[in-house]
Amino acid sequence: MIEDLKQTFLNELGSATSAADLFQLRVNYLGKKGTVTAALKTLSSASPEDRPLLGKKINEVKQFIEAELDSREASLKSETLKKQLLADSIDITLPGKYTAFGREHPINKVLLEIVDIFVRMGFSVEQGPEVEQDYYNFEALNFPKEHPARDMQDTFFVSDDIVLRTHTSPVQVREMEKRKPPVRFIAPGKVYRCDADITHTPMFNQVEGLMVDKNITFSNLKGILEAFLHRMFGPGTPIRFRPSFFPFTEPSAEVDIGCILCGGSGCRVCKESGWLEILGAGMVNPAVFEFVGYDTEVYSGFAFGMGIERIAMLKYSIDDIRLFYENDIRFLGQF
Ligand code: FA5
């Protein structure tokens, strides 16, 4: 009878294919209510002569079943692991997955370079709003209402009195309203104009500069701008000051640098002139000082405003300003 038990177990073990099947077999044979356990319980009713032999046989079968189950469980575990390893295996001959890293936008890079040069020359950094009152963008900068000079900057109007600032010059007025001279700061930021071609975008960046104190002259302006441009583009770079007009500076100038793209021989970016305009500048018009309550008999100052995209175009030899804002990764990845 005990031999039958062993045979039945072997048959059932033969058809067990999973860990769950093996567990069930262990419960059925060796568990509290299992067949082997039940056989052991019959020992007490066996005759004293038969008991030792019967006990020995049942224990042998029990040990046999335990050993069989242990070995099948171990081999099933290693088979499962083998299958899993095969399924998870990596083909190390395949090319790896490429992760694209972000990097600083070239305009920001140039902007930080400009800020760094002026900060080293003792300028602080200030900011103003991009949605601006007509008063700060025009009126207090000596652009009276209906004055033709307002047409120099193609303005985006939010309402009659609110505009997207067309330049960073309103920060001059806001800062002078806040403090007394001496004043020496730059104000970088975005500005907006209804304008688009290879050297103009509707949104672009400017850096404004203002210095006000006693005895500030045009020579100071020239010295600071030359020092800046030579640091930015190298000491041999040709620079020229041209007379110009801005309502908020008198006298006014525009500053060009020799076109780096064509080396001065003329190209589509410099409109065949060999020069590219990068900034406007001048001595602060006393009319602006009147608006902010500075004593025009005591103080004088200079101001400038430069286009960062133009500077970046020259620095990196880019012949179309719009490339900066097309967000083509092949372009942006080169800086
Ligand atoms: C001004 O905006 C004056 N506020 C600058 C100024 C400040 C003069 C302080 C005097 C004192 P202008 O319109 O020329 O000036 O613009 C200044 C610079 O911005 C230009 O030299 C050019 O480099 C850049 N710029 C102008 N329009 C655009 C545009 N649409 N896209 C890109 N850059 C532009």
# chains A, B, ... in the order shown; residues from 1 in each chain; ligands from 1
call {"tool": "residues_near_ligand", "arguments": {"ligand": "ligand 1", "cutoff": "9 Å", "atoms": "only C-alpha atoms and all ligand atoms", "output": "PyMOL selection string"}}
result
chain A and resi 152-154+166-170+172+191-210+245-250+252-256+276-284+302-311+321
call {"tool": "closest_atom_pairs", "arguments": {"of": "region 84-190 of chain A", "to": "region 211-217 of chain A", "cutoff": "12 Å", "atoms": "only C-alpha atoms", "output": "JSON lines"}}
result
{"residue": "A:Phe118", "atom": "CA", "partner": "A:Met211", "partner_atom": "CA", "distance": 11.7}
{"residue": "A:Met121", "atom": "CA", "partner": "A:Met211", "partner_atom": "CA", "distance": 11.6}
{"residue": "A:Gly122", "atom": "CA", "partner": "A:Met211", "partner_atom": "CA", "distance": 10.5}
{"residue": "A:Phe123", "atom": "CA", "partner": "A:Met211", "partner_atom": "CA", "distance": 8.6}
{"residue": "A:Ser124", "atom": "CA", "partner": "A:Met211", "partner_atom": "CA", "distance": 10.5}
{"residue": "A:Gln172", "atom": "CA", "partner": "A:Met211", "partner_atom": "CA", "distance": 9.6}
{"residue": "A:Glu175", "atom": "CA", "partner": "A:Met211", "partner_atom": "CA", "distance": 11.3}
{"residue": "A:Met176", "atom": "CA", "partner": "A:Val212", "partner_atom": "CA", "distance": 9.3}
{"residue": "A:Arg179", "atom": "CA", "partner": "A:Val212", "partner_atom": "CA", "distance": 11.0}
{"residue": "A:Lys180", "atom": "CA", "partner": "A:Val212", "partner_atom": "CA", "distance": 9.2}
{"residue": "A:Pro181", "atom": "CA", "partner": "A:Asp213", "partner_atom": "CA", "distance": 5.6}
{"residue": "A:Pro182", "atom": "CA", "partner": "A:Asp213", "partner_atom": "CA", "distance": 4.6}
{"residue": "A:Val183", "atom": "CA", "partner": "A:Val212", "partner_atom": "CA", "distance": 5.0}
{"residue": "A:Arg184", "atom": "CA", "partner": "A:Met211", "partner_atom": "CA", "distance": 4.3}
{"residue": "A:Phe185", "atom": "CA", "partner": "A:Met211", "partner_atom": "CA", "distance": 6.7}
{"residue": "A:Ile186", "atom": "CA", "partner": "A:Met211", "partner_atom": "CA", "distance": 8.8}
{"residue": "A:Ala187", "atom": "CA", "partner": "A:Met211", "partner_atom": "CA", "distance": 11.7}
call {"tool": "residues_around", "arguments": {"residues": "Ile117 (chain A)", "least_positions_apart": "6", "cutoff": "12 Å", "atoms": "only C-alpha atoms", "output": "MDAnalysis selection string"}}
result
chainID A and resid 110:111 123:125 186 224:233
call {"tool": "closest_residue", "arguments": {"among": "A:Glu290, A:Glu104, A:Asp50, A:Asp21", "to": "Arg72 (chain A)", "atoms": "only C-alpha atoms"}}
result
A:Asp21
call {"tool": "closest_residue", "arguments": {"among": "A:Ala20, A:Ala67, A:Leu40, A:Cys262", "to": "Pro52 (chain A)", "atoms": "only C-alpha atoms"}}
result
A:Leu40
call {"tool": "closest_residue", "arguments": {"among": "A:Val288, A:Lys41, A:Arg242, A:Gln84", "to": "Glu139 (chain A)", "atoms": "only C-alpha atoms"}}
result
A:Val288
call {"tool": "residues_around", "arguments": {"residues": "Ser45 (chain A)", "least_positions_apart": "6", "cutoff": "12 Å", "atoms": "only C-alpha atoms", "output": "PyMOL selection string"}}
result
chain A and resi 39+51+54-55
call {"tool": "residues_around", "arguments": {"residues": "region 56-66 of chain A", "least_positions_apart": "5", "cutoff": "12 Å", "atoms": "only C-alpha atoms", "output": "ChimeraX atom specification"}}
result
/A:1-13,22-23,25-31,34-43,50-51,71-73
call {"tool": "write_last_selection", "arguments": {"atoms": "C-alpha atoms", "output": "short mmCIF file (atom, residue, chain, number, x, y, z; two decimals), in the first residue's frame"}}
result
data_model
loop_
_atom_site.label_atom_id
_atom_site.label_comp_id
_atom_site.auth_asym_id
_atom_site.auth_seq_id
_atom_site.Cartn_x
_atom_site.Cartn_y
_atom_site.Cartn_z
CA MET A 1 0.00 0.00 0.00
CA ILE A 2 2.83 2.33 0.86
CA GLU A 3 4.50 1.36 -2.45
CA ASP A 4 1.29 2.40 -4.26
CA LEU A 5 1.48 5.78 -2.58
CA LYS A 6 5.00 6.27 -3.91
CA GLN A 7 3.92 5.30 -7.43
CA THR A 8 0.86 7.58 -7.38
CA PHE A 9 3.09 10.43 -6.22
CA LEU A 10 5.56 9.79 -9.07
CA ASN A 11 2.74 9.82 -11.63
CA GLU A 12 1.39 13.09 -10.30
CA LEU A 13 4.88 14.59 -10.14
CA LEU A 22 4.49 21.39 -6.96
CA PHE A 23 3.18 23.34 -4.00
CA LEU A 25 1.56 18.18 -4.35
CA ARG A 26 3.52 19.08 -1.22
CA VAL A 27 0.29 20.02 0.55
CA ASN A 28 -1.48 16.86 -0.67
CA TYR A 29 1.28 14.50 0.50
CA LEU A 30 3.18 16.19 3.29
CA GLY A 31 0.69 18.76 4.64
CA GLY A 34 -1.72 15.00 3.54
CA THR A 35 -1.57 11.32 2.56
CA VAL A 36 1.85 10.67 4.13
CA THR A 37 0.85 12.38 7.35
CA ALA A 38 -2.31 10.27 7.42
CA ALA A 39 -0.23 7.08 6.87
CA LEU A 40 2.01 8.03 9.80
CA LYS A 41 -1.09 8.38 11.98
CA THR A 42 -2.09 4.75 11.22
CA LEU A 43 1.10 3.56 12.95
CA ASP A 50 4.62 -4.62 12.38
CA ARG A 51 5.08 -1.07 13.65
CA SER A 71 14.81 18.79 -6.60
CA ARG A 72 11.89 19.50 -9.00
CA GLU A 73 11.34 22.91 -7.39
#
call {"tool": "select_by_dssp", "arguments": {"residues": "region 35-272 of chain A", "states": "strand (DSSP E or B)", "output": "MDAnalysis selection string"}}
result
chainID A and resid 124:125 131:133 157 162:164 183:192 197 200 203:213 239:246 249:258
call {"tool": "atom_distance", "arguments": {"atom1": "CA of Gly234 (chain A)", "atom2": "CA of Ile257 (chain A)"}}
result
11.5 Å
call {"tool": "residues_around", "arguments": {"residues": "Asp134 (chain A)", "least_positions_apart": "3", "cutoff": "8 Å", "atoms": "only C-alpha atoms", "output": "VMD selection string"}}
result
chain A and resid 137 to 139 161 to 163
call {"tool": "select_by_dssp", "arguments": {"residues": "region 172-232 of chain A", "states": "alpha helix (DSSP H)", "output": "ChimeraX atom specification"}}
result
/A:172-178,218-232
call {"tool": "residues_around", "arguments": {"residues": "Asn327 (chain A)", "least_positions_apart": "5", "cutoff": "12 Å", "atoms": "only C-alpha atoms", "output": "JSON, numbers by chain"}}
result
{"A": [105, 106, 322, 332, 333]}
call {"tool": "write_last_selection", "arguments": {"atoms": "C-alpha atoms", "output": "compact mmCIF listing (two decimals), in the first residue's frame"}}
result
# COMPACT_ATOMS: atom_id res chain seq x y z
CA HIS A 105 20.44 79.72 -26.60
CA PRO A 106 23.06 81.77 -28.54
CA ARG A 322 15.42 84.88 -38.20
CA LEU A 332 21.03 75.85 -32.18
CA GLY A 333 23.30 72.86 -31.56
